[in-house]
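Take a look at the structure set out below.
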Amino acid sequence: MKKEFVKDKNEEMNERLIELLRAVPVKDLIAKALEVRMIAYAPYSHYTVGAALITGDGKIYQGCNVENASYGVSNCAERTAFFKAVSEGYRQFRAIAITGSPEGHLVDQYAFPCGVCRQVMMEFCDPESFLVIVAKSDSDYKVYALKELLPEGFGPGNLE
Ligand SMILES: [Zn+2]
């Protein structure tokens with residue numbers, strides 16, 4: 001785990017995230033994100049992304065970005081994974097691992113989810129406990145609670 005993971009967060013937050021991480025097979029999740037990144041369809045941005053989403057009961061769904069000649073139709077890796085899982089009946093999720101970099105390159109940067117994907121996560125996940133893992137490799141990654149990436153987010157709870 002990279003140093004920044006500990007450095008830029010307060011102790012209490014760290015302990016909570018570390019506790020939540022125990023229920024997540026982090027290395028496996030990152031490996032599956034890296035694997036599916038290899039089949040990403042990104043002929044326009046040439047930026048390939050792979051994501052692996054783990055459900056509440058431990059099933060893992062992979063997703064890659066799927067672009068389109070009509071650019072706005074493109075779908076991100078994270079949403080591909082979510083939509084696959086949701087369309088098979090899953091509504092509970094623990095964590096998602098995300099890997100991305102320019103096509104043809106090894107992952108050499110942390111690829112954070114776009115705003116649209118953060119909002120989709122907000123629809124199905126508890127922002128306090130859902131973990132977003134941005135990874136370069138299975139030994140170099142950062143972990144965030146969704147709430148940190150989408151503070152004061154608007155979700156289903158607002159409509160109750
Ligand atoms: Zn996105």
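To be explicit about the labels: the chains of the structure tokens are called A, B, and onward in the order shown, and within each one the residues are counted from 1, while ligands get numbers from 1 in the order they are shown.
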Just the residues within 7 Å of Phe124 of chain A, please, counting only C-alpha atoms, with nothing from its chain fewer than 4 positions along; format it as a PDB file with N, CA and C atoms, in the first residue's frame.
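Okay, this is what ended up in result.pdb:
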```pdb
ATOM      1  N   ARG A  91     -27.744  -5.605  -5.814  1.00  0.00           N
ATOM      2  CA  ARG A  91     -28.005  -4.230  -5.368  1.00  0.00           C
ATOM      3  C   ARG A  91     -27.049  -3.825  -4.248  1.00  0.00           C
ATOM      4  N   GLN A  92     -26.222  -4.770  -3.789  1.00  0.00           N
ATOM      5  CA  GLN A  92     -25.333  -4.472  -2.668  1.00  0.00           C
ATOM      6  C   GLN A  92     -23.891  -4.696  -3.093  1.00  0.00           C
ATOM      7  N   VAL A 120     -23.463   7.115 -10.087  1.00  0.00           N
ATOM      8  CA  VAL A 120     -24.032   5.763 -10.199  1.00  0.00           C
ATOM      9  C   VAL A 120     -23.688   4.955  -8.947  1.00  0.00           C
TER      10      VAL A 120
END
```
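Near segment 69-72 of chain A, within 10 Å and counting only C-alpha atoms, sit Pro43, Tyr44 and Ser45 of chain A; same-chain residues fewer than 5 positions away were not included.
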Please produce, as CSV, a per-residue contact table for chain A versus ligand 1 (criterion: any atom at most 7 Å away, only C-alpha atoms and all ligand atoms considered), showing the nearest atom pair and its distance in Å to one decimal, sorted by chain then residue number.
```
residue,atom,partner,partner_atom_place_in_ligand_line,distance
A:Cys76,CA,ligand 1,1 (Zn),4.5
A:Ala77,CA,ligand 1,1 (Zn),6.9
A:Glu78,CA,ligand 1,1 (Zn),6.2
A:Arg79,CA,ligand 1,1 (Zn),6.5
A:Pro113,CA,ligand 1,1 (Zn),5.2
A:Cys114,CA,ligand 1,1 (Zn),4.1
A:Gly115,CA,ligand 1,1 (Zn),6.4
A:Val116,CA,ligand 1,1 (Zn),5.4
A:Cys117,CA,ligand 1,1 (Zn),4.2
```
Determine the nearest neighbour of Ser137 of chain A from the options A:Glu160, A:Glu35, A:Glu88, A:Asp57, counting only C-alpha atoms.
A:Glu35
Per DSSP on the backbone, filter chain A down to the residues in alpha helix (DSSP H) and report them as a PyMOL selection string.
chain A and resi 3-7+11-21+26-37+77-86+115-124+146-149
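Between atom CA of Cys64 of chain A and atom CA of Ala52 of chain A there is a distance of 8.9 Å.
Running DSSP on the backbone gives strand (DSSP E or B) for these residues within segment 8-82 of chain A: Tyr41, Tyr47, Thr48, Val49, Gly50, Ala51, Ala52, Leu53, Ile54, Thr55, Ile60, Tyr61, Gln62, Gly63, Cys64, Val66 and Asn75 of chain A.
For the pair atom CA of Val26 of chain A and atom CA of Pro127 of chain A, the separation is 18.6 Å.
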Would you write out, as a tab-separated table, a table of all residues in segment 18-114 of chain A that have an atom no more than 8 Å from an atom of segment 128-136 of chain A, listing for each the closest atom pair and the distance in Å to one decimal, considering only C-alpha atoms and ordering rows by chain and rising residue number?
```
residue	atom	partner	partner_atom	distance
A:Leu20	CA	A:Ser129	CA	7.0
A:Leu21	CA	A:Leu131	CA	7.7
A:Ile30	CA	A:Ala135	CA	6.9
A:Phe93	CA	A:Phe130	CA	7.0
A:Arg94	CA	A:Phe130	CA	5.2
A:Ala95	CA	A:Leu131	CA	4.5
A:Ile96	CA	A:Val132	CA	5.2
A:Ala97	CA	A:Ile133	CA	4.6
A:Ile98	CA	A:Val134	CA	5.0
A:Thr99	CA	A:Ala135	CA	5.4
A:Gly100	CA	A:Lys136	CA	7.9
A:Val107	CA	A:Lys136	CA	5.2
A:Asp108	CA	A:Lys136	CA	5.8
A:Gln109	CA	A:Lys136	CA	6.0
A:Tyr110	CA	A:Val134	CA	5.5
A:Ala111	CA	A:Val134	CA	6.0
A:Phe112	CA	A:Val134	CA	6.3
```
Atoms kept (N, CA and C atoms) for selection, written as an mmCIF file, in the first residue's frame:
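Now in again_25.cif:
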```
data_model
loop_
_atom_site.group_PDB
_atom_site.id
_atom_site.type_symbol
_atom_site.label_atom_id
_atom_site.label_comp_id
_atom_site.auth_asym_id
_atom_site.auth_seq_id
_atom_site.Cartn_x
_atom_site.Cartn_y
_atom_site.Cartn_z
ATOM 1 N N LEU A 20 -12.802 -1.953 6.842
ATOM 2 C CA LEU A 20 -13.680 -2.296 5.707
ATOM 3 C C LEU A 20 -12.920 -3.085 4.645
ATOM 4 N N LEU A 21 -11.661 -2.752 4.463
ATOM 5 C CA LEU A 21 -10.838 -3.417 3.444
ATOM 6 C C LEU A 21 -10.631 -4.893 3.740
ATOM 7 N N ILE A 30 -7.994 -6.119 -7.992
ATOM 8 C CA ILE A 30 -7.097 -5.333 -8.859
ATOM 9 C C ILE A 30 -6.654 -6.180 -10.057
ATOM 10 N N PHE A 93 -23.060 -3.714 -2.767
ATOM 11 C CA PHE A 93 -21.672 -3.759 -3.214
ATOM 12 C C PHE A 93 -20.733 -3.309 -2.107
ATOM 13 N N ARG A 94 -19.539 -3.915 -2.120
ATOM 14 C CA ARG A 94 -18.545 -3.565 -1.098
ATOM 15 C C ARG A 94 -17.472 -2.620 -1.605
ATOM 16 N N ALA A 95 -17.020 -2.877 -2.851
ATOM 17 C CA ALA A 95 -15.868 -2.109 -3.340
ATOM 18 C C ALA A 95 -15.727 -2.242 -4.842
ATOM 19 N N ILE A 96 -15.001 -1.289 -5.428
ATOM 20 C CA ILE A 96 -14.651 -1.379 -6.841
ATOM 21 C C ILE A 96 -13.168 -1.023 -6.984
ATOM 22 N N ALA A 97 -12.466 -1.785 -7.813
ATOM 23 C CA ALA A 97 -11.078 -1.457 -8.142
ATOM 24 C C ALA A 97 -11.060 -0.904 -9.557
ATOM 25 N N ILE A 98 -10.280 0.135 -9.765
ATOM 26 C CA ILE A 98 -10.228 0.803 -11.070
ATOM 27 C C ILE A 98 -8.773 0.938 -11.510
ATOM 28 N N THR A 99 -8.521 0.562 -12.784
ATOM 29 C CA THR A 99 -7.178 0.707 -13.344
ATOM 30 C C THR A 99 -7.307 1.350 -14.717
ATOM 31 N N GLY A 100 -6.494 2.352 -14.987
ATOM 32 C CA GLY A 100 -6.584 2.995 -16.297
ATOM 33 C C GLY A 100 -5.320 3.739 -16.660
ATOM 34 N N VAL A 107 -0.227 0.346 -16.526
ATOM 35 C CA VAL A 107 -0.902 1.358 -15.707
ATOM 36 C C VAL A 107 0.146 2.111 -14.888
ATOM 37 N N ASP A 108 0.266 3.410 -15.178
ATOM 38 C CA ASP A 108 1.282 4.215 -14.494
ATOM 39 C C ASP A 108 0.663 5.436 -13.824
ATOM 40 N N GLN A 109 -0.663 5.417 -13.667
ATOM 41 C CA GLN A 109 -1.342 6.523 -12.983
ATOM 42 C C GLN A 109 -2.565 5.979 -12.259
ATOM 43 N N TYR A 110 -3.041 6.750 -11.290
ATOM 44 C CA TYR A 110 -4.269 6.378 -10.603
ATOM 45 C C TYR A 110 -5.428 6.947 -11.416
ATOM 46 N N ALA A 111 -6.321 6.082 -11.877
ATOM 47 C CA ALA A 111 -7.467 6.534 -12.670
ATOM 48 C C ALA A 111 -8.675 6.656 -11.744
ATOM 49 N N PHE A 112 -9.089 7.878 -11.504
ATOM 50 C CA PHE A 112 -10.238 8.114 -10.632
ATOM 51 C C PHE A 112 -11.536 8.074 -11.434
#
```
Quick one: everything within 12 Å of Glu19 of chain A, counting only C-alpha atoms, minus sequence neighbours fewer than 4 positions away in the same chain. Send it as a PDB file with C-alpha atoms, in the first residue's frame.
```
ATOM      1  CA  GLU A  12      -9.777   7.580  12.438  1.00  0.00           C
ATOM      2  CA  MET A  13     -10.652   7.484   8.748  1.00  0.00           C
ATOM      3  CA  ASN A  14      -7.696   5.227   8.090  1.00  0.00           C
ATOM      4  CA  GLU A  15      -8.694   2.720  10.721  1.00  0.00           C
ATOM      5  CA  ALA A  23     -13.754  -7.842   3.731  1.00  0.00           C
ATOM      6  CA  VAL A  24     -12.349  -7.183   0.258  1.00  0.00           C
ATOM      7  CA  SER A 129     -18.657   2.159   3.553  1.00  0.00           C
ATOM      8  CA  LEU A 131     -14.643   1.545  -1.108  1.00  0.00           C
ATOM      9  CA  VAL A 143      -8.397   3.558  -1.110  1.00  0.00           C
ATOM     10  CA  ALA A 145     -14.715   5.772   0.885  1.00  0.00           C
TER      11      ALA A 145
END
```
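Here the question is which of A:Tyr47, A:Phe154, A:Phe83, A:Tyr61 gets nearest to Gly104 of chain A using only C-alpha atoms, and that residue is A:Tyr47.
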For Ser139 of chain A, which residue among A:Lys59, A:Val86, A:Ala31, A:Ile18 is the nearest when counting only C-alpha atoms?
A:Ala31
Which of these residues is nearest to Glu67 of chain A, using only C-alpha atoms: A:Met121, A:Leu146, A:Leu53, A:Ala40?
A:Ala40
Out of A:Arg16, A:Thr80, A:Asp138, A:Ser74, which residue has the shortest atom-to-atom distance to Leu34 of chain A when counting only C-alpha atoms?
A:Asp138
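Across A:Leu150, A:Ile60, A:Val73, A:Ala33, the tightest approach to Glu123 of chain A is made by A:Leu150 when counting only C-alpha atoms.
Reported to one decimal place, the separation of atom CA of Thr55 of chain A from atom CA of Lys84 of chain A is 11.4 Å.
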